[in-house]
>>> print(open('protein-v1.cif').read())   # mmCIF, C-alpha atoms
data_data
#
loop_
_atom_site.label_atom_id
_atom_site.label_comp_id
_atom_site.auth_asym_id
_atom_site.auth_seq_id
_atom_site.Cartn_x
_atom_site.Cartn_y
_atom_site.Cartn_z
CA MET G 325 25.46 21.39 -14.50
CA GLU G 326 22.62 23.83 -15.20
CA VAL G 327 20.34 21.02 -16.40
CA LEU G 328 21.28 18.75 -13.48
CA ALA G 329 20.66 21.50 -10.92
CA GLY G 330 17.31 22.30 -12.54
CA VAL G 331 16.24 18.64 -12.54
CA ILE G 332 17.18 18.18 -8.88
CA PHE G 333 15.32 21.32 -7.85
CA VAL G 334 12.18 20.50 -9.83
CA PHE G 335 12.12 16.92 -8.50
CA MET G 336 12.66 18.17 -4.94
CA TYR G 337 9.86 20.69 -5.36
CA MET G 338 7.49 18.05 -6.75
CA VAL G 339 8.14 15.82 -3.74
CA ILE G 340 7.49 18.74 -1.38
CA VAL G 341 4.22 19.53 -3.14
CA SER G 342 3.12 15.87 -3.16
CA GLU G 343 3.72 15.67 0.63
CA LYS G 344 4.45 11.96 0.29
CA ILE G 345 7.43 12.47 2.58
CA HIS G 346 8.16 15.27 5.03
CA ARG G 347 9.26 18.48 3.31
CA THR G 348 12.37 18.69 5.52
CA VAL G 349 13.59 15.31 4.25
CA ALA G 350 12.90 16.35 0.63
CA ALA G 351 14.70 19.68 0.99
CA MET G 352 17.74 18.22 2.75
CA LEU G 353 18.09 15.40 0.20
CA GLY G 354 17.83 17.98 -2.60
CA ALA G 355 20.51 20.07 -0.91
CA THR G 356 22.89 17.17 -0.27
CA SER G 357 22.41 15.97 -3.87
CA MET G 358 23.55 19.37 -5.11
CA ILE G 359 26.75 18.98 -3.06
CA LEU G 360 27.43 15.28 -3.72
CA LEU G 361 27.02 15.71 -7.49
CA GLY G 362 29.48 18.61 -7.55
CA ILE G 363 27.03 21.39 -8.39
CA LEU G 364 28.06 23.14 -5.18
CA SER G 365 31.07 22.69 -2.95
CA GLN G 366 30.40 22.31 0.75
CA GLU G 367 31.94 25.73 1.41
CA THR G 368 29.81 27.38 -1.28
CA ALA G 369 26.69 25.66 0.05
CA LEU G 370 27.35 27.05 3.52
CA HIS G 371 27.78 30.50 1.96
CA HIS G 372 24.24 30.33 0.56
CA ILE G 373 22.64 29.51 3.91
CA ASP G 374 21.09 32.67 5.32
CA PHE G 375 22.27 32.36 8.93
CA ASN G 376 20.70 35.71 9.75
CA THR G 377 17.26 34.26 9.03
CA LEU G 378 18.03 31.05 10.93
CA GLY G 379 19.39 32.96 13.92
CA LEU G 380 16.32 35.18 13.98
CA LEU G 381 14.06 32.13 13.95
CA VAL G 382 15.93 30.28 16.71
CA GLY G 383 16.22 33.36 18.92
CA MET G 384 12.53 34.25 18.63
CA MET G 385 11.46 30.64 19.13
CA VAL G 386 13.45 30.54 22.38
CA LEU G 387 11.88 33.83 23.46
CA VAL G 388 8.40 32.54 22.69
CA GLY G 389 9.18 29.21 24.38
CA VAL G 390 10.14 30.92 27.66
CA THR G 391 7.30 33.44 27.49
CA SER G 392 4.75 30.65 26.99
CA HIS G 393 5.39 29.58 30.61
CA THR G 394 3.94 32.89 31.83
CA GLY G 395 0.42 32.44 30.42
CA LEU G 396 0.76 35.66 28.40
CA PHE G 397 -0.60 34.07 25.22
CA ASP G 398 -3.73 32.82 26.97
CA TYR G 399 -4.19 36.28 28.46
CA VAL G 400 -3.94 37.97 25.05
CA ALA G 401 -6.23 35.34 23.52
CA ILE G 402 -8.97 35.82 26.10
CA LYS G 403 -8.65 39.62 25.98
CA ALA G 404 -8.81 39.75 22.17
CA ALA G 405 -11.75 37.35 22.05
CA LYS G 406 -13.66 39.34 24.67
CA VAL G 407 -13.10 42.61 22.78
CA ALA G 408 -14.52 40.79 19.73
CA LYS G 409 -17.50 39.65 21.84
CA ALA G 410 -16.34 36.07 21.19
CA GLU G 411 -17.68 36.38 17.63
CA PRO G 412 -15.52 34.20 15.30
CA LYS G 413 -15.76 36.55 12.30
CA ARG G 414 -14.66 39.52 14.39
CA ILE G 415 -11.86 37.48 15.94
CA LEU G 416 -10.63 36.53 12.45
CA ILE G 417 -10.58 40.20 11.42
CA TYR G 418 -8.97 41.46 14.64
CA LEU G 419 -6.19 38.85 14.59
CA ALA G 420 -5.49 39.57 10.91
CA LEU G 421 -5.27 43.32 11.58
CA ILE G 422 -3.01 42.80 14.60
CA THR G 423 -0.78 40.48 12.55
CA ALA G 424 -0.52 42.96 9.67
CA VAL G 425 0.31 45.92 11.92
CA PHE G 426 2.90 43.96 13.91
CA SER G 427 4.43 42.64 10.67
CA ALA G 428 4.91 46.18 9.40
CA PHE G 429 7.09 47.11 12.38
CA LEU G 430 8.55 43.74 13.29
CA ASP G 431 9.87 41.02 11.06
CA ASN G 432 6.83 39.04 9.87
CA VAL G 433 8.46 35.81 11.09
CA THR G 434 8.65 37.28 14.59
CA THR G 435 5.02 38.31 14.37
CA VAL G 436 3.67 34.88 13.46
CA LEU G 437 5.81 33.26 16.16
CA LEU G 438 3.97 35.46 18.65
CA MET G 439 0.51 35.18 17.08
CA VAL G 440 0.18 31.43 16.45
CA PRO G 441 0.03 30.44 20.16
CA VAL G 442 -2.59 33.16 20.71
CA THR G 443 -4.64 31.84 17.79
CA PHE G 444 -4.65 28.28 19.08
CA SER G 445 -5.65 29.44 22.55
CA ILE G 446 -8.72 31.17 21.10
CA THR G 447 -9.76 28.48 18.63
CA GLN G 448 -9.47 25.72 21.21
CA LYS G 449 -11.63 27.61 23.69
CA LEU G 450 -14.33 28.18 21.05
CA HIS G 451 -13.93 24.73 19.43
CA LEU G 452 -13.12 26.33 16.07
CA LYS G 453 -10.88 24.98 13.31
CA ALA G 454 -7.60 26.90 13.37
CA ASN G 455 -6.84 26.72 9.63
CA PRO G 456 -8.91 29.76 8.51
CA PHE G 457 -7.29 31.91 11.18
CA LEU G 458 -3.77 30.66 10.46
CA LEU G 459 -4.04 31.06 6.68
CA THR G 460 -5.44 34.57 7.10
CA GLN G 461 -2.55 35.49 9.39
CA ILE G 462 0.03 34.14 6.93
CA ILE G 463 -1.40 36.33 4.20
CA ALA G 464 -1.81 39.34 6.52
CA SER G 465 1.79 39.03 7.73
CA ASN G 466 3.17 39.17 4.19
CA ILE G 467 0.92 42.07 3.21
CA GLY G 468 1.77 43.98 6.40
CA GLY G 469 5.48 43.32 5.90
CA THR G 470 5.25 44.98 2.49
CA ALA G 471 4.39 48.37 3.98
CA THR G 472 7.70 49.36 5.61
CA LEU G 473 11.47 49.17 5.20
CA ILE G 474 11.86 46.72 8.11
CA GLY G 475 8.76 44.59 7.55
CA ASP G 476 10.21 42.01 5.15
CA PRO G 477 13.79 40.99 4.20
CA PRO G 478 13.44 42.03 0.51
CA ASN G 479 12.60 45.59 1.62
CA ILE G 480 15.59 45.66 3.95
CA MET G 481 17.84 44.53 1.08
CA ILE G 482 16.44 47.12 -1.34
CA GLY G 483 16.70 49.88 1.27
CA SER G 484 20.33 48.93 1.94
CA ALA G 485 21.18 49.00 -1.77
CA VAL G 486 19.37 52.26 -2.58
CA LYS G 487 20.11 54.84 0.11
CA GLU G 488 17.53 57.28 -1.30
CA LEU G 489 14.73 54.88 -0.35
CA THR G 490 14.35 55.83 3.31
CA PHE G 491 12.10 54.41 6.03
CA MET G 492 9.49 57.11 5.36
CA ALA G 493 9.78 56.61 1.58
CA PHE G 494 8.75 52.98 1.97
CA ILE G 495 5.74 53.96 4.08
CA GLU G 496 4.66 56.73 1.71
CA ASN G 497 4.96 54.54 -1.39
CA LEU G 498 4.02 51.04 -0.22
CA ALA G 499 1.72 51.48 2.79
CA PRO G 500 -1.28 52.78 0.75
CA ILE G 501 -1.44 49.74 -1.54
CA ALA G 502 -0.65 47.39 1.37
CA ILE G 503 -3.63 48.78 3.33
CA LEU G 504 -5.94 48.46 0.31
CA ASN G 505 -4.80 44.88 -0.32
CA LEU G 506 -5.30 43.98 3.34
CA ILE G 507 -8.86 45.33 3.48
CA ILE G 508 -9.91 43.47 0.33
CA VAL G 509 -8.18 40.24 1.35
CA ILE G 510 -9.78 40.17 4.82
CA PHE G 511 -13.18 40.76 3.21
CA LEU G 512 -12.61 37.86 0.78
CA VAL G 513 -11.27 35.45 3.39
CA GLU G 514 -14.26 36.14 5.61
CA ILE G 515 -16.54 35.18 2.70
CA ILE G 516 -14.50 32.05 1.87
CA TYR G 517 -14.56 30.73 5.43
CA LYS G 518 -17.93 32.07 6.63
CA LYS G 519 -19.44 28.57 6.95
CA GLY G 520 -16.74 27.53 9.40
CA LEU G 521 -16.83 30.68 11.52
CA HIS G 522 -19.55 29.58 13.92
CA THR G 523 -19.41 28.40 17.49
CA LYS G 524 -21.87 27.50 20.24
CA PRO G 525 -23.42 30.35 22.25
CA GLU G 526 -22.54 28.58 25.49
CA LEU G 527 -18.85 28.51 24.52
CA GLN G 528 -19.00 32.22 23.71
CA ALA G 529 -20.70 32.89 27.05
CA ASP G 530 -18.09 30.84 28.90
CA LEU G 531 -15.28 32.76 27.21
CA MET G 532 -16.87 36.14 27.96
CA GLN G 533 -17.07 35.21 31.64
CA MET G 534 -13.41 34.21 31.84
CA ASP G 535 -11.02 36.44 33.75
CA GLU G 536 -8.00 36.95 31.52
CA HIS G 537 -5.87 37.97 34.52
CA LYS G 538 -6.18 34.47 35.97
CA ALA G 539 -4.43 33.10 32.88
CA LEU G 540 -1.17 34.73 34.00
CA LYS G 541 0.77 31.96 35.76
CA ASP G 542 4.12 33.55 36.55
CA ARG G 543 4.05 37.34 36.87
CA ARG G 544 7.76 37.64 37.74
CA LEU G 545 8.77 35.73 34.62
CA LEU G 546 6.20 37.76 32.66
CA LYS G 547 7.86 41.03 33.65
CA LYS G 548 11.25 39.68 32.63
CA SER G 549 9.83 38.38 29.33
CA LEU G 550 8.18 41.70 28.50
CA PHE G 551 11.37 43.57 29.43
CA VAL G 552 13.51 41.43 27.11
CA LEU G 553 10.89 41.48 24.35
CA THR G 554 10.83 45.29 24.53
CA LEU G 555 14.62 45.37 24.20
CA VAL G 556 14.44 43.05 21.19
CA ILE G 557 11.77 45.18 19.49
CA LEU G 558 13.83 48.33 20.13
CA GLY G 559 16.79 46.51 18.62
CA PHE G 560 14.80 45.79 15.47
CA PHE G 561 13.65 49.41 15.22
CA THR G 562 17.17 50.82 15.66
CA HIS G 563 18.79 48.40 13.20
CA SER G 564 19.47 51.21 10.72
CA ILE G 565 21.43 53.07 13.42
CA THR G 566 23.21 50.25 15.25
CA HIS G 567 23.67 47.96 12.20
CA VAL G 568 23.33 44.97 14.55
CA GLU G 569 21.81 42.06 12.60
CA SER G 570 18.31 40.94 13.57
CA SER G 571 19.59 37.42 14.23
CA MET G 572 22.04 38.70 16.84
CA ILE G 573 19.32 40.78 18.48
CA ALA G 574 16.94 37.81 18.66
CA LEU G 575 19.56 35.32 19.86
CA THR G 576 20.85 37.72 22.51
CA GLY G 577 17.28 38.35 23.66
CA GLY G 578 16.43 34.67 23.82
CA PHE G 579 19.43 33.64 25.88
CA LEU G 580 19.32 36.79 28.04
CA LEU G 581 15.78 35.84 29.00
CA LEU G 582 16.92 32.30 29.85
CA LEU G 583 19.60 33.83 32.10
CA LEU G 584 17.17 36.23 33.81
CA ALA G 585 14.69 33.38 34.26
CA GLY G 586 17.27 31.44 36.26
CA GLY G 587 18.86 29.36 33.51
CA SER G 588 17.71 26.08 35.06
CA HIS G 589 18.30 22.84 33.15
CA HIS G 590 14.54 22.20 32.90
CA LEU G 591 13.77 25.66 31.50
CA VAL G 592 16.62 25.56 28.99
CA GLU G 593 15.66 22.09 27.77
CA SER G 594 11.95 22.95 27.45
CA SER G 595 12.85 26.16 25.58
CA MET G 596 15.11 24.26 23.19
CA LYS G 597 12.20 21.89 22.49
CA ALA G 598 10.15 24.94 21.49
CA VAL G 599 12.51 25.49 18.57
CA GLU G 600 11.02 24.02 15.37
CA TRP G 601 14.14 22.15 14.29
CA ALA G 602 12.36 20.48 11.37
CA THR G 603 11.53 23.93 10.00
CA ILE G 604 15.10 25.15 10.58
CA PHE G 605 16.54 22.25 8.59
CA PHE G 606 13.94 22.74 5.86
CA PHE G 607 15.23 26.29 5.45
CA ILE G 608 18.83 25.05 5.34
CA GLY G 609 17.95 22.59 2.58
CA LEU G 610 15.99 25.20 0.64
CA PHE G 611 18.78 27.79 0.87
CA ILE G 612 21.34 25.31 -0.45
CA ALA G 613 19.06 24.06 -3.25
CA VAL G 614 18.34 27.60 -4.41
CA GLY G 615 22.08 28.28 -4.11
CA GLY G 616 22.60 25.57 -6.73
CA LEU G 617 20.32 27.47 -9.11
CA ILE G 618 22.23 30.68 -8.43
CA GLU G 619 25.71 29.17 -8.86
CA THR G 620 24.77 27.52 -12.16
CA GLY G 621 23.37 30.83 -13.39
CA ILE G 622 19.77 29.69 -13.81
CA ILE G 623 18.17 32.46 -11.72
CA GLY G 624 20.49 35.15 -13.09
CA SER G 625 19.84 34.04 -16.67
CA MET G 626 16.06 34.10 -16.17
CA ALA G 627 16.15 37.58 -14.64
CA SER G 628 18.54 38.99 -17.28
CA GLN G 629 16.50 37.67 -20.20
CA ALA G 630 13.29 39.01 -18.70
CA VAL G 631 14.75 42.49 -18.27
CA GLU G 632 16.24 42.45 -21.78
CA LEU G 633 12.78 41.80 -23.24
CA THR G 634 11.64 45.28 -22.20
CA GLY G 635 14.45 47.10 -24.00
CA GLY G 636 14.95 49.44 -21.02
CA ASP G 637 11.41 50.88 -21.16
CA VAL G 638 10.52 51.95 -17.61
CA THR G 639 6.81 51.08 -17.84
CA ALA G 640 7.36 47.65 -19.35
CA THR G 641 10.29 46.90 -17.02
CA SER G 642 8.37 47.94 -13.89
CA LEU G 643 5.37 45.76 -14.68
CA LEU G 644 7.55 42.85 -15.76
CA VAL G 645 9.63 43.06 -12.58
CA LEU G 646 6.42 43.20 -10.50
CA TRP G 647 4.95 40.05 -12.06
CA LEU G 648 8.23 38.17 -12.42
CA SER G 649 9.08 38.86 -8.77
CA ALA G 650 5.64 37.70 -7.65
CA ILE G 651 5.63 34.45 -9.61
CA VAL G 652 9.23 33.51 -8.78
CA SER G 653 8.86 34.51 -5.11
CA SER G 654 5.77 32.33 -4.79
CA VAL G 655 7.80 29.18 -5.49
CA LEU G 656 11.32 30.20 -4.45
CA ASP G 657 12.61 32.01 -1.41
CA ASN G 658 12.46 35.72 -2.28
CA ILE G 659 15.78 36.63 -0.64
CA PRO G 660 18.15 35.15 -3.28
CA PHE G 661 15.90 36.37 -6.10
CA VAL G 662 15.97 39.95 -4.82
CA ALA G 663 19.72 39.66 -4.30
CA THR G 664 19.99 38.74 -7.99
CA MET G 665 17.65 41.49 -9.21
CA ILE G 666 19.24 44.40 -7.32
CA PRO G 667 22.48 44.53 -9.38
CA LEU G 668 20.50 44.01 -12.61
CA ILE G 669 18.32 47.04 -11.87
CA GLN G 670 21.37 49.07 -10.82
CA ASN G 671 22.99 48.17 -14.15
CA MET G 672 19.96 49.56 -15.95
CA GLY G 673 20.63 52.88 -14.23
CA ALA G 674 24.25 52.75 -15.38
CA MET G 675 23.03 52.14 -18.94
CA GLY G 676 21.03 55.37 -18.95
CA VAL G 677 17.60 54.51 -17.50
CA SER G 678 16.97 57.63 -15.43
CA ASN G 679 13.81 56.77 -13.45
CA LEU G 680 14.41 53.58 -11.50
CA GLU G 681 12.06 54.35 -8.59
CA PRO G 682 8.95 52.59 -9.98
CA ILE G 683 11.11 49.54 -10.74
CA TRP G 684 12.36 49.39 -7.13
CA TRP G 685 8.81 49.64 -5.76
CA SER G 686 7.67 46.97 -8.22
CA LEU G 687 10.43 44.65 -7.02
CA ALA G 688 9.46 45.19 -3.38
CA LEU G 689 5.74 44.62 -4.02
CA GLY G 690 6.29 41.57 -6.19
CA ALA G 691 8.77 39.87 -3.86
CA CYS G 692 6.79 40.52 -0.66
CA LEU G 693 3.27 39.85 -1.95
CA GLY G 694 4.44 36.94 -4.10
CA GLY G 695 5.31 35.12 -0.88
CA ASN G 696 1.58 34.53 -0.35
CA GLY G 697 1.39 32.33 -3.46
CA THR G 698 2.45 29.00 -1.96
CA LEU G 699 3.34 27.49 1.37
CA VAL G 700 7.08 27.73 0.57
CA GLY G 701 6.89 31.29 -0.75
CA ALA G 702 7.92 33.06 2.46
CA SER G 703 9.55 32.26 5.78
CA ALA G 704 6.42 33.16 7.76
CA ASN G 705 4.33 30.62 5.83
CA LEU G 706 6.63 27.76 6.76
CA ILE G 707 6.91 28.83 10.37
CA VAL G 708 3.12 28.84 10.77
CA ALA G 709 2.88 25.41 9.13
CA GLY G 710 5.61 24.07 11.43
CA LEU G 711 4.03 25.48 14.58
CA ALA G 712 0.58 24.24 13.50
CA ALA G 713 1.94 20.71 13.13
CA GLU G 714 3.11 20.84 16.74
CA TRP G 715 -0.51 21.57 17.72
CA GLY G 716 -1.78 18.68 15.61
CA VAL G 717 -3.07 20.84 12.75
CA LYS G 718 -1.85 20.07 9.22
CA ILE G 719 -1.59 22.86 6.65
CA THR G 720 -1.00 21.11 3.33
CA PHE G 721 0.67 22.63 0.28
CA ILE G 722 -2.41 22.10 -1.90
CA ASN G 723 -4.95 23.42 0.61
CA TYR G 724 -2.90 26.55 1.12
CA PHE G 725 -2.32 26.94 -2.63
CA LYS G 726 -6.08 26.95 -3.32
CA ILE G 727 -6.48 30.05 -1.15
CA GLY G 728 -3.06 31.72 -1.24
CA PHE G 729 -2.31 31.69 -4.96
CA PRO G 730 -5.56 33.35 -6.16
CA ILE G 731 -5.26 35.94 -3.40
CA MET G 732 -1.64 36.59 -4.39
CA LEU G 733 -2.71 37.13 -8.01
CA LEU G 734 -5.43 39.54 -6.90
CA THR G 735 -3.01 41.61 -4.80
CA ILE G 736 -0.55 41.75 -7.72
CA VAL G 737 -3.31 42.90 -10.08
CA LEU G 738 -4.22 45.68 -7.62
CA SER G 739 -0.53 46.55 -7.26
CA THR G 740 -0.16 46.68 -11.04
CA VAL G 741 -2.94 49.26 -11.26
CA TYR G 742 -1.41 51.19 -8.36
CA VAL G 743 2.11 51.28 -9.83
CA TYR G 744 0.84 52.24 -13.27
CA ILE G 745 -1.41 55.07 -12.05
CA ARG G 746 1.01 56.45 -9.47
CA TYR G 747 4.32 56.25 -11.32
CA LEU G 748 3.91 55.47 -15.01
CA ILE G 749 1.13 57.66 -16.40
#
>>> encode(input="protein-v1.cif", output="structure tokens")
Amino acid sequence: MEVLAGVIFVFMYMVIVSEKIHRTVAAMLGATSMILLGILSQETALHHIDFNTLGLLVGMMVLVGVTSHTGLFDYVAIKAAKVAKAEPKRILIYLALITAVFSAFLDNVTTVLLMVPVTFSITQKLHLKANPFLLTQIIASNIGGTATLIGDPPNIMIGSAVKELTFMAFIENLAPIAILNLIIVIFLVEIIYKKGLHTKPELQADLMQMDEHKALKDRRLLKKSLFVLTLVILGFFTHSITHVESSMIALTGGFLLLLLAGGSHHLVESSMKAVEWATIFFFIGLFIAVGGLIETGIIGSMASQAVELTGGDVTATSLLVLWLSAIVSSVLDNIPFVATMIPLIQNMGAMGVSNLEPIWWSLALGACLGGNGTLVGASANLIVAGLAAEWGVKITFINYFKIGFPIMLLTIVLSTVYVYIRYLI
């Protein structure tokens, strides 16, 4: 079964990379093959689907769908562009910084759901290609999410498993390297895309003369949207106190806003159309396919053998976990990998390894930053690609890989130096 599961997954992944057929079709056929061939039972397959992630996505997509009727995104786009003097390079930097900061204190999926409509509003007004802005925001969201306990699911999982790693501990240990990575990455991306970051002076002048307040179409709905969005953000912040899952917060917020907005058939139907169902089903297929690798012991075996190679040495284990997490998380969803690694690291502590802290930080850095490696490396990447497709912009696996993978390697190299100097010397 191990060989069969591995073959199915590799073939599925090759089809996704080739983009000969839609990635949702490839993922779902891979998932159903795992079930039909007996690698997973239907019940076990359902167990591996992360409904918390799916609920978060659907709830936030509904929220964004309703809020889009208010003109808020056009308002933010015009305001941000005017602050940047309508200069494309500045806009690229400002949007990346906003994305990173939001991703540190919101889930990075939530952040990109809010930022992508803003980005398209700006790029369309200035007749700019959206790809450089979108790819930069994907990378910035994953780097920003690295900095805090609540920024990325792997950090939430690690913080839940290791009570000593508090909210402030994550900021003190991960924020410095996240900030350094972000500064260097923005500088590099600006150089990579500098030829495409030009627009006509008349378009800049037109944008600077625009009144952002006129973009607001429905102020009553806007107030309701901002009220519900504030409640949702507070819910995310107080998760450690209330223990209410982020999916429940997002879904409650989305449907509460529909109720406050009147709950008309037209509004509900248009909001449901705003949900990227192709992306949702891609995640379902991916979760099940990865579940096949977990159930057959492939992921666990890989992780165990890698840790055994170090012989329990903290320095070697920390650096191995950092790089292993990054490489694996660039091609697989990082949630099941981190779920596999947590008990392995805890077992090391039970076997007498006294200083596990650098290993935990290495796992967090590798899993979060590794998500930048490929288009399927993190939830935020796929959401941006799905939303972009709705706007007629195609982000291909190969085009993203050419930018994302080298940048991921650079951030892991910087993180390696950081972990070694701070914890291991």
>>> closest_atom_pairs(input="protein-v1.cif", of="region 686-721 of chain G", to="region 432-439 of chain G", cutoff="12 Å", atoms="all atoms listed in the file", output="tab-separated table")
residue	atom	partner	partner_atom	distance
G:Cys692	CA	G:Asn432	CA	10.6
G:Gly695	CA	G:Asn432	CA	11.5
G:Ala702	CA	G:Val433	CA	9.1
G:Ser703	CA	G:Val433	CA	6.5
G:Ala704	CA	G:Val433	CA	4.7
G:Asn705	CA	G:Val433	CA	8.5
G:Leu706	CA	G:Val433	CA	9.3
G:Ile707	CA	G:Val433	CA	7.2
G:Val708	CA	G:Val436	CA	6.6
G:Ala709	CA	G:Val436	CA	10.4
G:Gly710	CA	G:Leu437	CA	10.3
G:Leu711	CA	G:Leu437	CA	8.1
G:Ala712	CA	G:Leu437	CA	10.8
>>> resolve_selection(input="protein-v1.cif", expression="the PyMOL selection byres ((chain G and resi 523) around 10)", output="count of residues only")
16
>>> closest_residue(input="protein-v1.cif", among="G:Gln366, G:Gly621, G:Ser570, G:Leu584", to="Gly330 (chain G)", atoms="only C-alpha atoms")
G:Gly621
>>> atom_distance(input="protein-v1.cif", atom1="CA of Val382 (chain G)", atom2="CA of Met572 (chain G)")
10.4 Å
>>> closest_residue(input="protein-v1.cif", among="G:Gly483, G:Gly624, G:Gly609, G:Gly697", to="Met358 (chain G)", atoms="all atoms listed in the file")
G:Gly609
>>> closest_residue(input="protein-v1.cif", among="G:Leu545, G:Ala529, G:Leu558, G:Ile474", to="Thr490 (chain G)", atoms="all atoms listed in the file")
G:Ile474
>>> resolve_selection(input="protein-v1.cif", expression="the PyMOL selection byres ((chain G and resi 459) around 9)", output="PyMOL selection string")
chain G and resi 454-458+460-464+705+708+719+724+727-728
>>> resolve_selection(input="protein-v1.cif", expression="the PyMOL selection byres ((chain G and resi 626) around 12)", output="PyMOL selection string")
chain G and resi 617-618+620-625+627-633+645+648-649+652+661+664-665+668
>>> axis_aligned_box(input="protein-v1.cif", around="region 560-569 of chain G", padding_each_side="3 Å", output="JSON")
{"center_x": 18.7, "center_y": 47.6, "center_z": 13.2, "size_x": 16.0, "size_y": 17.0, "size_z": 10.9}
>>> atom_distance(input="protein-v1.cif", atom1="CA of Trp684 (chain G)", atom2="CA of Ser642 (chain G)")
8.0 Å
>>> residues_around(input="protein-v1.cif", residues="region 361-365 of chain G", least_positions_apart="3", cutoff="7 Å", atoms="all atoms listed in the file", output="number ranges by chain")
G: 325, 329, 357-358, 368-369, 616
>>> atom_distance(input="protein-v1.cif", atom1="CA of Leu381 (chain G)", atom2="CA of Pro730 (chain G)")
28.1 Å
>>> closest_residue(input="protein-v1.cif", among="G:Ala574, G:Ala598, G:Leu396, G:Ile359", to="Thr377 (chain G)", atoms="all atoms listed in the file")
G:Ala574
>>> decode(input="protein-v1.cif", residues="region 436-441 of chain G", atoms="all heavy atoms", output="PDB file, in the first residue's frame")
ATOM      1  N   VAL G 436      -5.011  37.524   2.604  1.00  0.00           N
ATOM      2  CA  VAL G 436      -4.985  37.585   1.144  1.00  0.00           C
ATOM      3  C   VAL G 436      -6.392  37.688   0.561  1.00  0.00           C
ATOM      4  O   VAL G 436      -6.590  38.297  -0.498  1.00  0.00           O
ATOM      5  CB  VAL G 436      -4.223  36.386   0.533  1.00  0.00           C
ATOM      6  CG1 VAL G 436      -2.764  36.409   0.966  1.00  0.00           C
ATOM      7  CG2 VAL G 436      -4.865  35.053   0.876  1.00  0.00           C
ATOM      8  N   LEU G 437      -7.367  37.118   1.255  1.00  0.00           N
ATOM      9  CA  LEU G 437      -8.759  37.278   0.800  1.00  0.00           C
ATOM     10  C   LEU G 437      -9.168  38.747   0.798  1.00  0.00           C
ATOM     11  O   LEU G 437      -9.934  39.190  -0.054  1.00  0.00           O
ATOM     12  CB  LEU G 437      -9.703  36.478   1.701  1.00  0.00           C
ATOM     13  CG  LEU G 437      -9.757  34.966   1.468  1.00  0.00           C
ATOM     14  CD1 LEU G 437     -10.500  34.276   2.600  1.00  0.00           C
ATOM     15  CD2 LEU G 437     -10.420  34.654   0.133  1.00  0.00           C
ATOM     16  N   LEU G 438      -8.645  39.507   1.748  1.00  0.00           N
ATOM     17  CA  LEU G 438      -8.948  40.934   1.830  1.00  0.00           C
ATOM     18  C   LEU G 438      -8.095  41.757   0.874  1.00  0.00           C
ATOM     19  O   LEU G 438      -8.545  42.774   0.338  1.00  0.00           O
ATOM     20  CB  LEU G 438      -8.740  41.438   3.261  1.00  0.00           C
ATOM     21  CG  LEU G 438      -9.639  40.829   4.339  1.00  0.00           C
ATOM     22  CD1 LEU G 438      -9.193  41.284   5.723  1.00  0.00           C
ATOM     23  CD2 LEU G 438     -11.098  41.212   4.104  1.00  0.00           C
ATOM     24  N   MET G 439      -6.846  41.331   0.641  1.00  0.00           N
ATOM     25  CA  MET G 439      -5.901  42.136  -0.126  1.00  0.00           C
ATOM     26  C   MET G 439      -6.024  41.963  -1.643  1.00  0.00           C
ATOM     27  O   MET G 439      -5.755  42.902  -2.398  1.00  0.00           O
ATOM     28  CB  MET G 439      -4.470  41.810   0.304  1.00  0.00           C
ATOM     29  CG  MET G 439      -4.103  42.272   1.694  1.00  0.00           C
ATOM     30  SD  MET G 439      -4.249  44.059   1.918  1.00  0.00           S
ATOM     31  CE  MET G 439      -3.007  44.650   0.758  1.00  0.00           C
ATOM     32  N   VAL G 440      -6.390  40.792  -2.110  1.00  0.00           N
ATOM     33  CA  VAL G 440      -6.429  40.545  -3.558  1.00  0.00           C
ATOM     34  C   VAL G 440      -7.397  41.490  -4.284  1.00  0.00           C
ATOM     35  O   VAL G 440      -7.031  42.073  -5.312  1.00  0.00           O
ATOM     36  CB  VAL G 440      -6.754  39.067  -3.860  1.00  0.00           C
ATOM     37  CG1 VAL G 440      -7.085  38.868  -5.340  1.00  0.00           C
ATOM     38  CG2 VAL G 440      -5.572  38.186  -3.478  1.00  0.00           C
ATOM     39  N   PRO G 441      -8.629  41.687  -3.792  1.00  0.00           N
ATOM     40  CA  PRO G 441      -9.507  42.657  -4.475  1.00  0.00           C
ATOM     41  C   PRO G 441      -8.919  44.063  -4.507  1.00  0.00           C
ATOM     42  O   PRO G 441      -9.070  44.783  -5.507  1.00  0.00           O
ATOM     43  CB  PRO G 441     -10.799  42.616  -3.630  1.00  0.00           C
ATOM     44  CG  PRO G 441     -10.769  41.295  -2.947  1.00  0.00           C
ATOM     45  CD  PRO G 441      -9.328  41.032  -2.659  1.00  0.00           C
TER      46      PRO G 441
END
